[in-house]
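Student: What follows is a structure written as C-alpha cells; I'll ask about it next.
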Amino acid sequence: MGPEERELLRQSILRVLEANKTPFGVSIEAMRLNIRRFGFESSREDVAAEIDYLVDKGLAATKDKLISPEVRAWRITAPGRDFIAQQ
Amino acid sequence: MSRSPQWSNSYESQLTDEQLRWLHAALLARSPSDKGILAKLPPWRSGPRQGQKPTLATLSNIRARLELEENFAEDGRTTESLLDQLKSTVPNLTDAELDEIGQRTFSLLALRQQDMKAFVRLRSARTKAEIERTKLALLERAEARKDQELALAREKFERESCELILKAARDERVKEIEASAAPHEEKIRLLRAHYFADVDALEKAGGVPLPP
C-alpha cells in the first residue's frame with residue numbers, strides 16, 4: 001500500500017469512527033465493511049495496522065472496560081474530529 | 001433529522017441552518033443529482049478553499065457519514081433496548097459484563113446493517129451447526145433408547161425363561177416325559193406337543209382370530 005492509499009484509508013477509518021455517536025465502539029469487522037462507503041476496501045491486517053497508528057497519534061482510542069481481549073472496538077477522539085474536519 | 005457537524009472548520013459549518021437542512025435532505029433523498037446539489041450550494045466562505053465550490057467527493061463523504069450516523073444510531077438504540085431487557089431479566093450482571101454484551105451486540109448489528117449477506121452467511125453457518133448438533137443429540141438419544149429397549153427385552157426374556165423353567169419343574173406331565181426312557185428327540189417332540197397344544201388346536205381350527 002502506497003503512502004497516498006494509506007492516508008485515504010486512515011481518513012476513511014476516522015470518518016467511520018466520527019459517524020458513530022453511540023456509547024459503543026466500532027469493531028474491526030464493522031470498520032472493514034463501513035469504509036467501503038467511503039470508496040475504500042482493505043484487508044483486516046491493514047485496517048488493524050492503521051487503527052493502531054491512529055491510536056498512537058491520539059486520533060482514535062480503544063473502547064475500555066471490555067473484559068475479553070478479543071472484543072476490541074474503537075472510538076474517535078477530539079483531535080480525530082478536528083483532523084477529519086479539515087479534510 | 002438534520003444534524004450540525006461538531007467541528008468549526010468544515011464546509012457544513014459554513015452553511016446556514018436552512019442550507020444545511022436542505023443539503024442533508026437532498027443527499028439522503030439523492031434528489032436532485034449530486035451535480036444538481038452542487039450547483040445550488042454556495043462556495044466556501046473562508047479557509048484555504050475560500051471561493052471554491054465543494055467537490056463531489058465532499059458531497060459523497062457527507063452523504064456516507066449521514067447514512068452511517070443513522071445506521072449507528074439505530075444499532076445503538078437497539079443495543080440499549082436489549083441491554084435494558086437483559087438488566088431486568090438478569091439483574092446480577094456487572095457493568096463490565098453489560099458493557100461487553102452491549103459491544104458484542106452493537107458490532108453484530110453493524111455487520112448486519114452493512115453486509116446482510118455476510119450476516120446471513122454467519123447466521124446460516126451457526127444455524128447449520130446448531131441443527132447438526134441437535135441431530136447428533138437426537139441420534140445419541142435414539143441409540144440410548146435402543147440400548148435401553150434391548151436391555152429391557154433381554155431382562156423380559158430372561159424373566160420369562162426362568163418362569164417357564166420354574167413352571168416346567170412343577171409340571172407333572174413334564175416330569176413324566178423327562179423320566180421316560182424315550183430317546184431325546186422323542187422327549188422334545190412330546191414336550192413341544194404339551195406346551196404348544198393350544199397352537200396346534202388353533203391350526204386345526206383353521207387360523208388364529210385377530211382382535212378387532
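Naming scheme: A, B, ... for chains in displayed order of the C-alpha cells; residues 1 onward per chain; ligands 1 onward as shown.
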Would you mind listing what lies within 12 Å of Ala73 of chain A as a PyMOL selection string, with only C-alpha atoms counted and same-chain residues fewer than 3 positions away left out?

Tutor: (chain A and resi 17+20+23-31+48+51-52+55+60-66+68-70+76) or (chain B and resi 99-100+102-104+106-107)

Student: Produce a table with one row for each residue of chain B that has an atom at most 9 Å from any atom of chain A, each row naming the nearest atom pair and its distance in Å at one decimal; use only C-alpha atoms; arrange rows by chain and rising residue number; format as a Markdown table.

Tutor:
| residue | atom | partner | partner_atom | distance |
| --- | --- | --- | --- | --- |
| B:Pro5 | CA | A:Ala85 | CA | 8.9 |
| B:Gln6 | CA | A:Arg81 | CA | 7.9 |
| B:Trp7 | CA | A:Ala85 | CA | 6.3 |
| B:Ser8 | CA | A:Ala85 | CA | 7.9 |
| B:Asn9 | CA | A:Ala85 | CA | 6.3 |
| B:Ser10 | CA | A:Ala85 | CA | 5.1 |
| B:Tyr11 | CA | A:Ala85 | CA | 8.4 |
| B:Thr58 | CA | A:Gln87 | CA | 8.9 |
| B:Ser60 | CA | A:Phe38 | CA | 7.7 |
| B:Asn61 | CA | A:Phe38 | CA | 6.3 |
| B:Ala64 | CA | A:Arg37 | CA | 5.8 |
| B:Arg65 | CA | A:Ala19 | CA | 5.6 |
| B:Leu66 | CA | A:Ala19 | CA | 7.4 |
| B:Glu67 | CA | A:Ala19 | CA | 8.7 |
| B:Leu68 | CA | A:Ala19 | CA | 6.0 |
| B:Glu69 | CA | A:Ala19 | CA | 4.8 |
| B:Glu70 | CA | A:Ala19 | CA | 8.6 |
| B:Asn71 | CA | A:Asn20 | CA | 8.8 |
| B:Phe72 | CA | A:Asn20 | CA | 5.7 |
| B:Ala73 | CA | A:Thr22 | CA | 6.4 |
| B:Asp75 | CA | A:Thr22 | CA | 8.6 |
| B:Gly76 | CA | A:Thr22 | CA | 5.7 |
| B:Arg77 | CA | A:Thr22 | CA | 8.4 |
| B:Asp95 | CA | A:Lys65 | CA | 8.8 |
| B:Ala96 | CA | A:Lys65 | CA | 6.0 |
| B:Glu97 | CA | A:Ile67 | CA | 7.2 |
| B:Asp99 | CA | A:Leu66 | CA | 6.7 |
| B:Glu100 | CA | A:Leu66 | CA | 5.4 |
| B:Gly102 | CA | A:Phe24 | CA | 7.4 |
| B:Gln103 | CA | A:Phe24 | CA | 5.8 |
| B:Arg104 | CA | A:Val71 | CA | 7.2 |
| B:Phe106 | CA | A:Phe24 | CA | 6.9 |
| B:Ser107 | CA | A:Ser27 | CA | 5.8 |
| B:Leu108 | CA | A:Ala30 | CA | 8.0 |
| B:Leu109 | CA | A:Ala30 | CA | 8.9 |
| B:Ala110 | CA | A:Ala30 | CA | 5.7 |
| B:Leu111 | CA | A:Ala30 | CA | 5.5 |
| B:Gln114 | CA | A:Leu33 | CA | 6.3 |
| B:Asp115 | CA | A:Leu33 | CA | 7.1 |

Student: Using Å and a single decimal, report how far atom CA of Ala153 of chain B sits from atom CA of Val174 of chain B.

Tutor: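 Interatomic distance, atom CA of Val174 of chain B to atom CA of Ala153 of chain B: 27.1 Å.
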
Student: Mind the document's chain letters and residue numbers, and return as a PyMOL selection string the residues of segment 21-87 of chain A that DSSP labels strand (DSSP E or B).

Tutor: chain A and resi 26-27+60-62+73-76

Student: Any idea what the distance is between atom CA of His194 of chain B and atom CA of Asp171 of chain B?

Tutor: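 Distance reported for this atom pair: 10.4 Å.
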
Student: Report the distance between atom CA of Leu150 of chain B and atom CA of Ile165 of chain B in Å, rounded to one decimal place.

Tutor: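 Atom CA of Leu150 of chain B sits 22.2 Å away from atom CA of Ile165 of chain B.
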
Student: Going by DSSP on the backbone, which bits of chain A are alpha helix (DSSP H)? Write them as a compact mmCIF listing (two decimals) with N, CA and C atoms, in the first residue's frame, please.

Tutor:
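Listed below is the output, out.txt:
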# COMPACT_ATOMS: atom_id res chain seq x y z
N PRO A 3 1.79 5.45 0.18
CA PRO A 3 1.51 6.47 1.21
C PRO A 3 0.16 7.16 1.01
N GLU A 4 -0.20 7.43 -0.27
CA GLU A 4 -1.47 8.12 -0.53
C GLU A 4 -2.66 7.23 -0.16
N GLU A 5 -2.51 5.95 -0.57
CA GLU A 5 -3.58 4.99 -0.27
C GLU A 5 -3.74 4.82 1.25
N ARG A 6 -2.60 4.78 1.92
CA ARG A 6 -2.61 4.64 3.38
C ARG A 6 -3.30 5.84 4.03
N GLU A 7 -3.03 7.00 3.50
CA GLU A 7 -3.63 8.22 4.03
C GLU A 7 -5.15 8.20 3.85
N LEU A 8 -5.58 7.72 2.66
CA LEU A 8 -7.03 7.64 2.39
C LEU A 8 -7.70 6.62 3.32
N LEU A 9 -6.98 5.53 3.56
CA LEU A 9 -7.53 4.52 4.47
C LEU A 9 -7.69 5.10 5.87
N ARG A 10 -6.69 5.82 6.34
CA ARG A 10 -6.78 6.44 7.67
C ARG A 10 -7.95 7.42 7.74
N GLN A 11 -8.12 8.19 6.68
CA GLN A 11 -9.24 9.15 6.66
C GLN A 11 -10.58 8.42 6.72
N SER A 12 -10.67 7.33 5.94
CA SER A 12 -11.93 6.56 5.92
C SER A 12 -12.23 5.99 7.30
N ILE A 13 -11.19 5.49 7.95
CA ILE A 13 -11.38 4.93 9.30
C ILE A 13 -11.89 6.02 10.25
N LEU A 14 -11.28 7.17 10.17
CA LEU A 14 -11.71 8.27 11.04
C LEU A 14 -13.14 8.72 10.72
N ARG A 15 -13.50 8.69 9.44
CA ARG A 15 -14.86 9.10 9.05
C ARG A 15 -15.89 8.12 9.64
N VAL A 16 -15.56 6.84 9.61
CA VAL A 16 -16.48 5.84 10.19
C VAL A 16 -16.59 6.07 11.70
N LEU A 17 -15.45 6.24 12.35
CA LEU A 17 -15.47 6.45 13.81
C LEU A 17 -16.24 7.73 14.15
N GLU A 18 -16.08 8.74 13.31
CA GLU A 18 -16.71 10.03 13.55
C GLU A 18 -18.24 9.93 13.44
N ALA A 19 -18.71 9.02 12.59
CA ALA A 19 -20.17 8.88 12.39
C ALA A 19 -20.85 8.16 13.54
N ILE A 28 -13.46 -4.10 14.39
CA ILE A 28 -12.65 -4.10 13.16
C ILE A 28 -13.45 -4.62 11.95
N GLU A 29 -14.33 -5.60 12.19
CA GLU A 29 -15.13 -6.13 11.07
C GLU A 29 -16.12 -5.09 10.59
N ALA A 30 -16.76 -4.40 11.54
CA ALA A 30 -17.70 -3.33 11.16
C ALA A 30 -16.94 -2.22 10.44
N MET A 31 -15.72 -1.96 10.89
CA MET A 31 -14.91 -0.93 10.24
C MET A 31 -14.62 -1.31 8.79
N ARG A 32 -14.21 -2.55 8.60
CA ARG A 32 -13.87 -3.01 7.23
C ARG A 32 -15.07 -2.84 6.29
N LEU A 33 -16.25 -3.17 6.80
CA LEU A 33 -17.44 -3.06 5.95
C LEU A 33 -17.82 -1.60 5.70
N ASN A 34 -17.68 -0.77 6.73
CA ASN A 34 -18.15 0.62 6.60
C ASN A 34 -17.20 1.52 5.82
N ARG A 44 -8.07 -6.97 6.68
CA ARG A 44 -8.20 -6.83 8.13
C ARG A 44 -6.89 -6.34 8.74
N GLU A 45 -5.79 -6.92 8.24
CA GLU A 45 -4.47 -6.59 8.79
C GLU A 45 -4.14 -5.12 8.55
N ASP A 46 -4.40 -4.65 7.32
CA ASP A 46 -4.11 -3.25 7.00
C ASP A 46 -4.96 -2.31 7.86
N VAL A 47 -6.24 -2.66 7.98
CA VAL A 47 -7.13 -1.81 8.79
C VAL A 47 -6.65 -1.79 10.24
N ALA A 48 -6.30 -2.97 10.77
CA ALA A 48 -5.83 -3.04 12.16
C ALA A 48 -4.57 -2.21 12.34
N ALA A 49 -3.66 -2.31 11.38
CA ALA A 49 -2.40 -1.57 11.49
C ALA A 49 -2.65 -0.05 11.47
N GLU A 50 -3.56 0.39 10.62
CA GLU A 50 -3.83 1.83 10.53
C GLU A 50 -4.60 2.33 11.76
N ILE A 51 -5.46 1.48 12.31
CA ILE A 51 -6.15 1.88 13.55
C ILE A 51 -5.11 2.06 14.67
N ASP A 52 -4.17 1.11 14.75
CA ASP A 52 -3.12 1.22 15.77
C ASP A 52 -2.34 2.53 15.60
N TYR A 53 -2.08 2.88 14.34
CA TYR A 53 -1.36 4.12 14.06
C TYR A 53 -2.18 5.33 14.56
N LEU A 54 -3.49 5.31 14.24
CA LEU A 54 -4.35 6.43 14.66
C LEU A 54 -4.46 6.52 16.19
N VAL A 55 -4.43 5.35 16.84
CA VAL A 55 -4.46 5.34 18.32
C VAL A 55 -3.16 5.95 18.84
N ASP A 56 -2.03 5.53 18.26
CA ASP A 56 -0.73 6.08 18.68
C ASP A 56 -0.68 7.60 18.50
N ALA A 78 -11.26 13.78 20.25
CA ALA A 78 -11.45 15.18 19.82
C ALA A 78 -10.40 15.58 18.76
N PRO A 79 -9.12 15.24 18.95
CA PRO A 79 -8.16 15.56 17.88
C PRO A 79 -8.50 14.85 16.56
N GLY A 80 -9.09 13.67 16.66
CA GLY A 80 -9.50 12.94 15.46
C GLY A 80 -10.59 13.68 14.71
N ARG A 81 -11.55 14.23 15.46
CA ARG A 81 -12.63 15.01 14.84
C ARG A 81 -12.07 16.26 14.16
N ASP A 82 -11.17 16.92 14.85
CA ASP A 82 -10.57 18.14 14.27
C ASP A 82 -9.82 17.80 12.99
N PHE A 83 -9.11 16.68 13.03
CA PHE A 83 -8.32 16.29 11.85
C PHE A 83 -9.22 16.04 10.65
N ILE A 84 -10.28 15.26 10.86
CA ILE A 84 -11.14 14.87 9.75
C ILE A 84 -11.93 16.06 9.21
N ALA A 85 -12.20 17.03 10.07
CA ALA A 85 -12.94 18.22 9.62
C ALA A 85 -12.15 19.03 8.61
